[in-house]
Each structure stands twice: as structure tokens, then as C-alpha cells.
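J.: Got a file for you: start-v3.txt, compact mmCIF, C-alpha atoms and all ligand atoms.
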# COMPACT_ATOMS: atom_id res chain seq x y z
CA MET A 1 22.56 29.01 -4.63
CA LEU A 2 19.14 27.86 -5.82
CA PHE A 3 17.03 26.03 -3.27
CA ASP A 4 14.88 22.96 -3.83
CA SER A 5 12.20 23.74 -1.24
CA HIS A 6 10.18 20.53 -1.59
CA THR A 7 11.64 17.05 -1.00
CA HIS A 8 10.58 13.85 0.80
CA CYS A 9 12.92 11.54 2.71
CA ASP A 10 12.83 8.85 5.44
CA TYR A 11 9.70 10.10 7.21
CA SER A 12 7.45 10.21 4.13
CA THR A 13 5.78 6.82 3.60
CA ASP A 14 5.90 7.13 -0.19
CA SER A 15 9.53 8.27 -0.51
CA SER A 16 12.30 6.00 -1.81
CA MET A 17 15.32 8.03 -0.69
CA ASN A 18 16.96 8.64 2.65
CA ILE A 19 18.32 11.98 3.78
CA SER A 20 21.98 11.10 3.08
CA GLU A 21 21.14 10.23 -0.51
CA ALA A 22 19.08 13.40 -0.85
CA ILE A 23 21.91 15.58 0.46
CA ARG A 24 24.43 13.96 -1.88
CA ALA A 25 22.04 14.53 -4.80
CA ALA A 26 21.49 18.16 -3.81
CA ARG A 27 25.22 18.79 -3.65
CA LYS A 28 25.68 17.20 -7.04
CA ALA A 29 22.92 19.41 -8.46
CA ASN A 30 24.45 22.41 -6.66
CA VAL A 31 21.21 23.32 -4.86
CA GLY A 32 20.24 23.82 -1.26
CA MET A 33 17.35 21.67 -0.06
CA ILE A 34 14.48 21.68 2.37
CA VAL A 35 13.14 18.35 3.60
CA THR A 36 9.36 18.63 3.68
CA GLU A 37 7.98 15.33 4.96
CA HIS A 38 4.31 14.52 4.42
CA TRP A 39 1.83 15.34 7.15
CA ASP A 40 -1.78 14.52 6.28
CA TYR A 41 -4.15 14.05 9.19
CA ASP A 42 -7.12 11.81 8.44
CA TYR A 43 -5.98 10.82 4.94
CA PRO A 44 -9.08 9.29 3.31
CA THR A 45 -7.62 5.99 2.10
CA ASN A 46 -5.51 5.49 5.24
CA PRO A 47 -5.84 7.96 8.14
CA TYR A 48 -2.33 7.22 9.47
CA ALA A 49 -0.29 6.69 6.28
CA PHE A 50 1.12 10.19 6.07
CA LEU A 51 1.86 10.99 9.70
CA PHE A 52 5.23 10.62 11.45
CA ASP A 53 7.00 11.12 14.77
CA VAL A 54 7.98 14.77 14.46
CA ASP A 55 10.13 14.78 17.61
CA ASP A 56 12.10 11.86 16.25
CA TYR A 57 12.42 13.62 12.87
CA PHE A 58 14.14 16.59 14.50
CA LYS A 59 16.22 14.35 16.74
CA GLN A 60 17.50 12.19 13.87
CA PHE A 61 17.89 14.90 11.23
CA ASN A 62 19.31 17.70 13.37
CA VAL A 63 22.84 16.47 12.63
CA TYR A 64 22.27 17.13 8.90
CA ARG A 65 20.88 20.60 9.42
CA SER A 66 22.91 23.47 7.96
CA ASP A 67 22.37 26.65 5.95
CA SER A 68 21.90 24.49 2.85
CA VAL A 69 19.93 21.59 4.41
CA LEU A 70 16.77 22.77 6.14
CA LEU A 71 13.98 20.91 7.92
CA GLY A 72 10.36 21.58 7.02
CA ILE A 73 7.04 19.86 6.53
CA GLU A 74 4.35 19.55 3.87
CA VAL A 75 0.92 19.72 5.47
CA GLY A 76 -2.03 18.37 3.51
CA MET A 77 -4.86 20.80 4.15
CA GLN A 78 -8.33 19.58 5.02
CA LYS A 79 -10.94 21.90 6.50
CA HIS A 80 -11.71 19.66 9.47
CA THR A 81 -8.06 19.19 10.51
CA VAL A 82 -6.92 22.83 10.57
CA SER A 83 -6.70 23.25 14.36
CA LYS A 84 -4.77 19.98 14.82
CA ASP A 85 -2.43 20.87 11.95
CA GLU A 86 -1.74 24.37 13.22
CA ALA A 87 -1.06 23.09 16.74
CA LEU A 88 1.49 20.67 15.29
CA ILE A 89 3.17 23.42 13.24
CA LYS A 90 3.38 25.69 16.25
CA ALA A 91 4.89 23.00 18.46
CA HIS A 92 8.02 22.36 16.34
CA PRO A 93 10.92 24.44 14.99
CA PHE A 94 10.32 23.96 11.26
CA ASP A 95 12.29 26.04 8.79
CA CYS A 96 9.47 25.98 6.28
CA VAL A 97 5.84 24.90 6.07
CA ILE A 98 4.28 23.98 2.72
CA ALA A 99 0.49 23.77 2.70
CA SER A 100 -0.88 21.54 -0.05
CA MET A 101 -4.11 20.22 -1.44
CA HIS A 102 -3.97 16.41 -1.64
CA CYS A 103 -7.68 15.94 -0.95
CA VAL A 104 -10.83 17.73 -2.01
CA ASN A 105 -13.85 17.55 0.27
CA GLY A 106 -12.52 14.36 1.88
CA ARG A 107 -11.66 12.65 -1.42
CA ASP A 108 -8.09 11.71 -2.37
CA LEU A 109 -7.05 13.49 -5.60
CA TYR A 110 -4.65 10.61 -6.30
CA GLU A 111 -7.49 8.06 -6.54
CA PRO A 112 -9.27 7.55 -9.90
CA ASN A 113 -12.52 6.93 -7.98
CA SER A 114 -12.51 10.53 -6.78
CA TYR A 115 -13.36 11.67 -10.33
CA LYS A 116 -16.10 9.13 -10.98
CA GLY A 117 -19.19 10.70 -12.54
CA ILE A 118 -17.81 14.22 -12.70
CA THR A 119 -16.57 16.20 -15.67
CA LYS A 120 -13.14 17.85 -15.80
CA ALA A 121 -14.76 21.27 -15.36
CA GLU A 122 -16.55 20.07 -12.23
CA ALA A 123 -13.38 18.50 -10.84
CA VAL A 124 -11.29 21.64 -11.43
CA GLN A 125 -13.98 23.94 -10.04
CA GLU A 126 -14.27 21.84 -6.88
CA PHE A 127 -10.47 21.75 -6.53
CA LEU A 128 -10.29 25.55 -6.75
CA GLU A 129 -13.25 26.17 -4.44
CA ASP A 130 -11.87 23.79 -1.82
CA SER A 131 -8.38 25.32 -2.17
CA ILE A 132 -9.91 28.73 -1.46
CA ALA A 133 -11.89 27.39 1.51
CA ASN A 134 -8.74 25.84 2.99
CA VAL A 135 -6.53 28.86 2.41
CA ARG A 136 -9.16 30.95 4.21
CA LEU A 137 -8.89 28.64 7.24
CA TYR A 138 -5.14 27.93 7.38
CA ARG A 139 -2.99 30.84 8.57
CA ASP A 140 0.29 29.29 9.66
CA PHE A 141 2.18 28.28 6.52
CA ASP A 142 4.76 29.75 4.15
CA ILE A 143 4.25 28.17 0.73
CA PHE A 144 1.19 26.98 -1.18
CA GLY A 145 2.40 23.76 -2.83
CA HIS A 146 1.90 22.43 -6.36
CA ILE A 147 -1.08 24.35 -7.83
CA ASP A 148 -1.10 21.69 -10.57
CA TYR A 149 -1.30 18.64 -8.28
CA ILE A 150 -4.68 17.66 -9.77
CA CYS A 151 -3.09 17.58 -13.26
CA ARG A 152 -0.96 14.62 -12.24
CA TYR A 153 -3.94 12.37 -11.61
CA MET A 154 -7.22 13.60 -13.10
CA PRO A 155 -8.29 11.05 -15.73
CA TYR A 156 -9.31 13.40 -18.54
CA GLU A 157 -7.92 13.71 -22.03
CA ASP A 158 -6.58 17.20 -21.44
CA GLN A 159 -4.93 17.35 -18.03
CA GLU A 160 -3.91 20.99 -18.04
CA LEU A 161 -5.37 23.90 -16.10
CA TYR A 162 -6.52 26.97 -18.02
CA TYR A 163 -6.80 30.33 -16.32
CA GLU A 164 -9.57 31.48 -18.67
CA GLU A 165 -11.87 28.61 -17.60
CA PHE A 166 -12.11 29.87 -14.00
CA PRO A 167 -10.62 33.40 -13.85
CA THR A 168 -12.66 34.49 -10.83
CA LEU A 169 -11.66 31.47 -8.75
CA TRP A 170 -7.97 31.69 -9.68
CA ASP A 171 -7.96 35.41 -8.86
CA GLU A 172 -9.63 34.78 -5.52
CA LEU A 173 -7.10 32.08 -4.63
CA PHE A 174 -4.10 34.19 -5.65
CA LYS A 175 -5.39 37.31 -3.84
CA LEU A 176 -5.93 35.31 -0.66
CA LEU A 177 -2.36 34.00 -0.82
CA ILE A 178 -0.88 37.42 -1.61
CA ASP A 179 -2.89 39.19 1.11
CA GLY A 180 -1.88 36.51 3.61
CA GLY A 181 1.80 36.95 2.75
CA LYS A 182 2.04 33.43 1.34
CA VAL A 183 4.32 32.33 -1.49
CA LEU A 184 3.28 30.26 -4.50
CA GLU A 185 5.42 27.28 -5.55
CA ILE A 186 6.64 26.33 -8.99
CA ASN A 187 6.59 22.55 -8.70
CA THR A 188 8.99 21.11 -11.27
CA ARG A 189 7.44 17.63 -11.46
CA ARG A 190 5.54 18.29 -14.71
CA LEU A 191 7.92 20.76 -16.34
CA ASP A 192 9.10 18.20 -18.87
CA SER A 193 5.93 19.12 -20.80
CA LEU A 194 5.92 22.28 -22.89
CA LYS A 195 2.14 22.42 -22.69
CA ALA A 196 2.28 22.28 -18.90
CA ILE A 197 4.86 25.09 -18.85
CA GLU A 198 2.80 27.29 -21.17
CA THR A 199 -0.49 26.88 -19.31
CA LEU A 200 1.09 27.19 -15.86
CA GLN A 201 3.05 30.25 -16.88
CA ILE A 202 -0.23 32.08 -17.53
CA LEU A 203 -1.25 31.32 -13.93
CA TYR A 204 2.09 32.50 -12.47
CA GLN A 205 1.87 35.64 -14.57
CA ARG A 206 -1.61 36.33 -13.22
CA TYR A 207 -0.33 35.84 -9.63
CA GLN A 208 2.32 38.45 -10.41
CA GLN A 209 -0.20 40.85 -11.99
CA LEU A 210 -2.35 40.66 -8.86
CA GLY A 211 0.60 41.66 -6.68
CA GLY A 212 2.48 38.41 -6.06
CA ARG A 213 6.21 39.07 -5.83
CA TYR A 214 7.79 35.85 -4.58
CA ILE A 215 7.92 32.23 -5.69
CA SER A 216 9.50 29.04 -4.33
CA LEU A 217 10.93 26.25 -6.47
CA GLY A 218 10.33 22.62 -5.53
CA SER A 219 11.03 19.27 -7.19
CA ASP A 220 8.78 17.26 -4.85
CA ALA A 221 11.48 14.57 -5.10
CA HIS A 222 10.71 11.12 -3.69
CA TYR A 223 13.77 9.59 -5.45
CA LYS A 224 17.37 10.76 -5.24
CA GLU A 225 17.46 11.17 -9.03
CA HIS A 226 14.83 13.91 -8.76
CA VAL A 227 16.39 16.26 -6.20
CA GLY A 228 16.96 19.65 -7.81
CA ARG A 229 15.30 18.47 -11.01
CA ARG A 230 14.40 21.17 -13.56
CA MET A 231 15.35 24.01 -11.20
CA ALA A 232 16.76 25.97 -14.15
CA VAL A 233 13.47 25.67 -16.05
CA ALA A 234 11.53 26.87 -13.00
CA LYS A 235 13.99 29.70 -12.40
CA LYS A 236 13.57 30.87 -15.99
CA MET A 237 9.77 30.73 -15.63
CA ALA A 238 10.04 32.91 -12.53
CA ASP A 239 12.40 35.36 -14.25
CA ASP A 240 10.15 35.63 -17.30
CA VAL A 241 7.23 36.88 -15.19
CA SER A 242 9.36 38.95 -12.77
CA LEU A 243 8.83 36.74 -9.73
CA VAL A 244 11.64 36.59 -7.17
CA PRO A 245 12.71 33.04 -6.14
CA VAL A 246 12.79 32.64 -2.35
CA TYR A 247 13.08 29.93 0.29
CA PHE A 248 12.43 29.83 4.03
CA GLN A 249 14.82 29.31 6.92
CA ASP A 250 13.56 29.41 10.49
CA ARG A 251 10.21 30.45 8.95
CA LYS A 252 11.80 33.62 7.55
CA MET A 253 11.80 34.36 3.84
CA LYS A 254 15.18 34.54 2.12
CA ILE A 255 15.98 35.58 -1.42
CA MET A 256 17.81 32.88 -3.39
CA GLU A 257 21.23 34.04 -4.54
CA GLU A 258 22.39 32.61 -7.83
ZN ZN A 301 2.18 17.30 -2.11
ZN ZN A 302 5.39 16.75 -1.71
Could you express the structure from this file as C-alpha cells?
Ligand SMILES: [Zn+2]
Ligand SMILES: [Zn+2]
T.:
Amino acid sequence: MLFDSHTHCDYSTDSSMNISEAIRAARKANVGMIVTEHWDYDYPTNPYAFLFDVDDYFKQFNVYRSDSVLLGIEVGMQKHTVSKDEALIKAHPFDCVIASMHCVNGRDLYEPNSYKGITKAEAVQEFLEDSIANVRLYRDFDIFGHIDYICRYMPYEDQELYYEEFPTLWDELFKLLIDGGKVLEINTRRLDSLKAIETLQILYQRYQQLGGRYISLGSDAHYKEHVGRRMAVAKKMADDVSLVPVYFQDRKMKIMEE
């Protein structure tokens, strides 16, 4: 069974589905799923928007937990919140921890204002440098989420990422993840675009060339219609560059069986 390792339900402020709807959708799509609610300490536009009662999360969702419905978290990395984030991770029995870049140097990547007065090259360079700085600081996570998050929101004509524009920074980021035993994610959100697939595939191939072996697949669903979306496309991308699709249960890596 393929696993959708990245979904948001009741405890993510910006999600429009509840866990029952998500589970029904996952069954329909014939995928396992990991709930990965948002956890972003000190979010710039609203410091409390993406926090939740983690004890209550486990209490309420434990009844849904099974080998095909797992409970995780998506932690938004920021350099000044690393010790608080890692204490939180350690204190709870998550199946899987995704670490993601939602902010760069205290600015929200979702906000158009964050790109004011800077070129695309400057924005991408800062995104990569801050990703590297955060991955150096954070130790306790399993998956590095959506490498193309910035592509969703940066307000430039061409919104894709090109390996050849910053080869040294991409290599440094991938080597850090590989050396730390972390897994890269194929986020399926933007895989309706052939151009996105082609440019991202070059990055996944490079991760593999540098020694990366494993990959997770995640829809980042906030709506029930999106659970398990484009898993087959992501699986084919992984196969084409010889990456092995995996997921995490009880913080242990498992190979996805087809
Ligand atoms: Zn995210
Ligand atoms: Zn997410």
C-alpha cells in the first residue's frame, strides 16, 4: 500500500477536513495516511495560529490509529525555536515528524510582502541558505517537507526551481539531509504541472546521485478531495530516479509495499 505521509486535519487551523473524512478519502484512494498537523512556533503573522493541544490530539485521535492511519506532526523550522520544537517532539509519541520551511529569516513565505524588493534569485538563495541553516540545527525529524514550497507563493514570472542556478547550495542541503539520515519528500501539490515535474525531477535525481536512497510521498491535503492525490505520479518519479518510497511508523522507517 502506498502511504500519503503528509495530511492536515482538525488540529491544523487552515485545514477544511476532519479526520473521519480524511480516512474515508484515504480508503477510497487505497492509500495509508499520516496525519501531520501544523506546528509553527512564533509564526510571523500570528504567533499562535499554527499551534495546537498535542495531548488532546493524541487523546482524540488515538481511536483512529492503526497500521494504515498514523499520527505525526509537521514542524515549521525557525532557527530561534529549535530547542522548543525538539522538546515538543521528544515529549510525544509521534509516528512521523516532517520538518518544513514555511518562513525564511522570520518572514512568512506565504506572504507577498516577504518578496518585496528582492529578485527571484535573491529569494531562492535566501530560501536555500536558511534551509541549510535550519537543517544544521534541527536533529530530531524524519522527513524534510516540500522542497518546492516557495514555488507556490513567490510572485515571479517563472516559479520553478532550477538546480543549475544554485548547485552548491542544493548539494549542501541534500548532503546534510543524507548524512543526517533524513528523507526527502515528493510533495504532490504541484505535480499537475509538467514543468514542475521536470524541474523537480532534476533535484530528486541529484539527491539520489549524492547518496539519497529514500523518499516519502505527501499530498499536503487540507481538503478531503486531495488525500492521496497524484500518488501514482510521485511514485513514478521516485521509480525513475531509483528512490525507494518509505513512510514512518513509531519513528521507524518502513518501505512502502505496492
Ligand atoms: Zn508545510
Ligand atoms: Zn503541510
J.: Can you work out the spacing between CA of Ile255 in chain A and CA of Lys175 in chain A in Å, to one decimal?
T.: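 These atoms are spaced 21.6 Å apart.
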J.: If we count all atoms listed in the file, what is near Asp42 in chain A at a cut-off of 9 Å, once residues fewer than 4 positions away on the same chain are taken out, given as a list in words?
T.: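 Contacts, with the query itself left out: Asn46, Pro47, Tyr48, Ala49, Phe50, Gln78, Thr81 and Gly106 of chain A.
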J.: Store the residues picked out above in a file with C-alpha atoms, as a PDB file, in the frame of the given file.
T.:
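Produced file selection-v2.pdb, reproduced below:
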ATOM      1  CA  ASN A  46      -5.510   5.490   5.240  1.00  0.00           C
ATOM      2  CA  PRO A  47      -5.840   7.960   8.140  1.00  0.00           C
ATOM      3  CA  TYR A  48      -2.330   7.220   9.470  1.00  0.00           C
ATOM      4  CA  ALA A  49      -0.290   6.690   6.280  1.00  0.00           C
ATOM      5  CA  PHE A  50       1.120  10.190   6.070  1.00  0.00           C
ATOM      6  CA  GLN A  78      -8.330  19.580   5.020  1.00  0.00           C
ATOM      7  CA  THR A  81      -8.060  19.190  10.510  1.00  0.00           C
ATOM      8  CA  GLY A 106     -12.520  14.360   1.880  1.00  0.00           C
TER       9      GLY A 106
END
J.: Please return, as a list in words, all polymer residues that have at least one atom within 10 Å of the point (-2.4, 22.0, -4.8); use all atoms listed in the file and the file's own coordinate frame.
T.: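 Those residues lying close to the given coordinates are Gly76, Met77, Ala99, Ser100, Met101, His102, Cys103, Val104, Leu109, Phe127, Leu128, Ser131, Phe144, Gly145, His146, Ile147, Asp148, Tyr149, Ile150, Cys151, Glu185 and Asn187 of chain A.
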J.: Counting all atoms listed in the file, which residues of range 90-130 of chain A sit at most 12 Å from some atom of range 211-224 of chain A, and what is each one's closest atom pair with its distance in Å to one decimal, listed by chain and rising residue number, as JSON lines?
T.:
{"residue": "A:Cys96", "atom": "CA", "partner": "A:Ser216", "partner_atom": "CA", "distance": 11.0}
{"residue": "A:Val97", "atom": "CA", "partner": "A:Ser216", "partner_atom": "CA", "distance": 11.8}
{"residue": "A:Ile98", "atom": "CA", "partner": "A:Ser216", "partner_atom": "CA", "distance": 10.1}
{"residue": "A:Ser100", "atom": "CA", "partner": "A:Asp220", "partner_atom": "CA", "distance": 11.6}
J.: Name each residue within 7 Å of ligand ZN 302 (chain A), counting all atoms listed in the file, as a PyMOL selection string.
T.: chain A and resi 6-8+36+38+74+220
J.: Return the single residue from A:Arg230, A:Tyr110, A:Ser20, A:Asp67 that is closest to Pro44 in chain A, with distances computed using only C-alpha atoms.
T.: A:Tyr110
J.: Pick out the closest residue to Tyr138 in chain A from this set: A:Arg152, A:Lys195, A:Lys182, A:Lys254. Count only C-alpha atoms.
T.: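 Closest candidate: A:Lys182.
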J.: Just want the 8 Å neighbourhood of Val135 in chain A, counted on all atoms listed in the file, with same-chain residues fewer than 2 positions away dropped. Output as a PyMOL selection string.
T.: chain A and resi 131-133+137-139+173+176-177
J.: Of the candidates A:Ile143, A:Val124, A:Ala26, A:Val244, which one gets nearest to ligand ZN 301 (chain A) if we count only C-alpha atoms and all ligand atoms?
T.: A:Ile143
J.: What separation in Å, quoted to one decimal, exists between CA of Gln249 in chain A and CA of Ala196 in chain A?
T.: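 Going from CA of Gln249 in chain A over to CA of Ala196 in chain A covers 29.6 Å.
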J.: Let me make sure I understand: among A:Phe52, A:Arg189, A:Gln208, A:Gly117, which one has the smallest atom-to-atom distance to ligand ZN 301 (chain A) if we use all atoms listed in the file?
T.: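 Of A:Phe52, A:Arg189, A:Gln208, A:Gly117, the one nearest ligand ZN 301 (chain A), counting all atoms listed in the file, is A:Arg189.
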J.: Would you work out the distance separating CA of Phe141 in chain A from CA of Glu172 in chain A, expressed in Å to one decimal?
T.: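 About the pair CA of Phe141 in chain A and CA of Glu172 in chain A: they are 18.1 Å apart.
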J.: Closest to Gln159 in chain A among A:Thr199, A:Arg136, A:Glu129, A:Thr188, using only C-alpha atoms?
T.: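 Ranking A:Thr199, A:Arg136, A:Glu129, A:Thr188 by distance to Gln159 in chain A, first place goes to A:Thr199.
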J.: Enclose range 246-249 of chain A, meaning all of its atoms listed in the file, in a box aligned along x, y and z, pad it by 5 Å on each side, and list the centre and edge lengths in Å to one decimal, as JSON.
T.:
{"center_x": 13.6, "center_y": 31.0, "center_z": 2.3, "size_x": 12.4, "size_y": 13.3, "size_z": 19.3}
J.: Can you tell me, as JSON, numbers by chain, what residues are no more than 6 Å from Met33 in chain A when counting only C-alpha atoms, ignoring any on the same chain fewer than 6 positions away?
T.: {"A": [3, 4, 5, 69]}
J.: Nearest residue to Ile34 in chain A out of A:Leu191, A:Ile202, A:Met231, A:Leu70, using only C-alpha atoms?
T.: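 Going through A:Leu191, A:Ile202, A:Met231, A:Leu70 one by one, the smallest distance to Ile34 in chain A is for A:Leu70.
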J.: Skip Met1 in chain A itself and residues of its chain fewer than 4 positions away, then list as number ranges by chain all residues within 10 Å of it, counting only C-alpha atoms.
T.: A: 30-32, 68, 255-258
J.: Determine, counting only C-alpha atoms, which protein, DNA and RNA residues have an atom within 9 Å of an atom of Asp10 in chain A; residues of the same chain fewer than 5 positions away are not included. Present the result as a list in words.
T.: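 Residues meeting the cut-off are Ser15, Ser16, Met17, Asn18, Ile19, Glu37 and Tyr57 of chain A.
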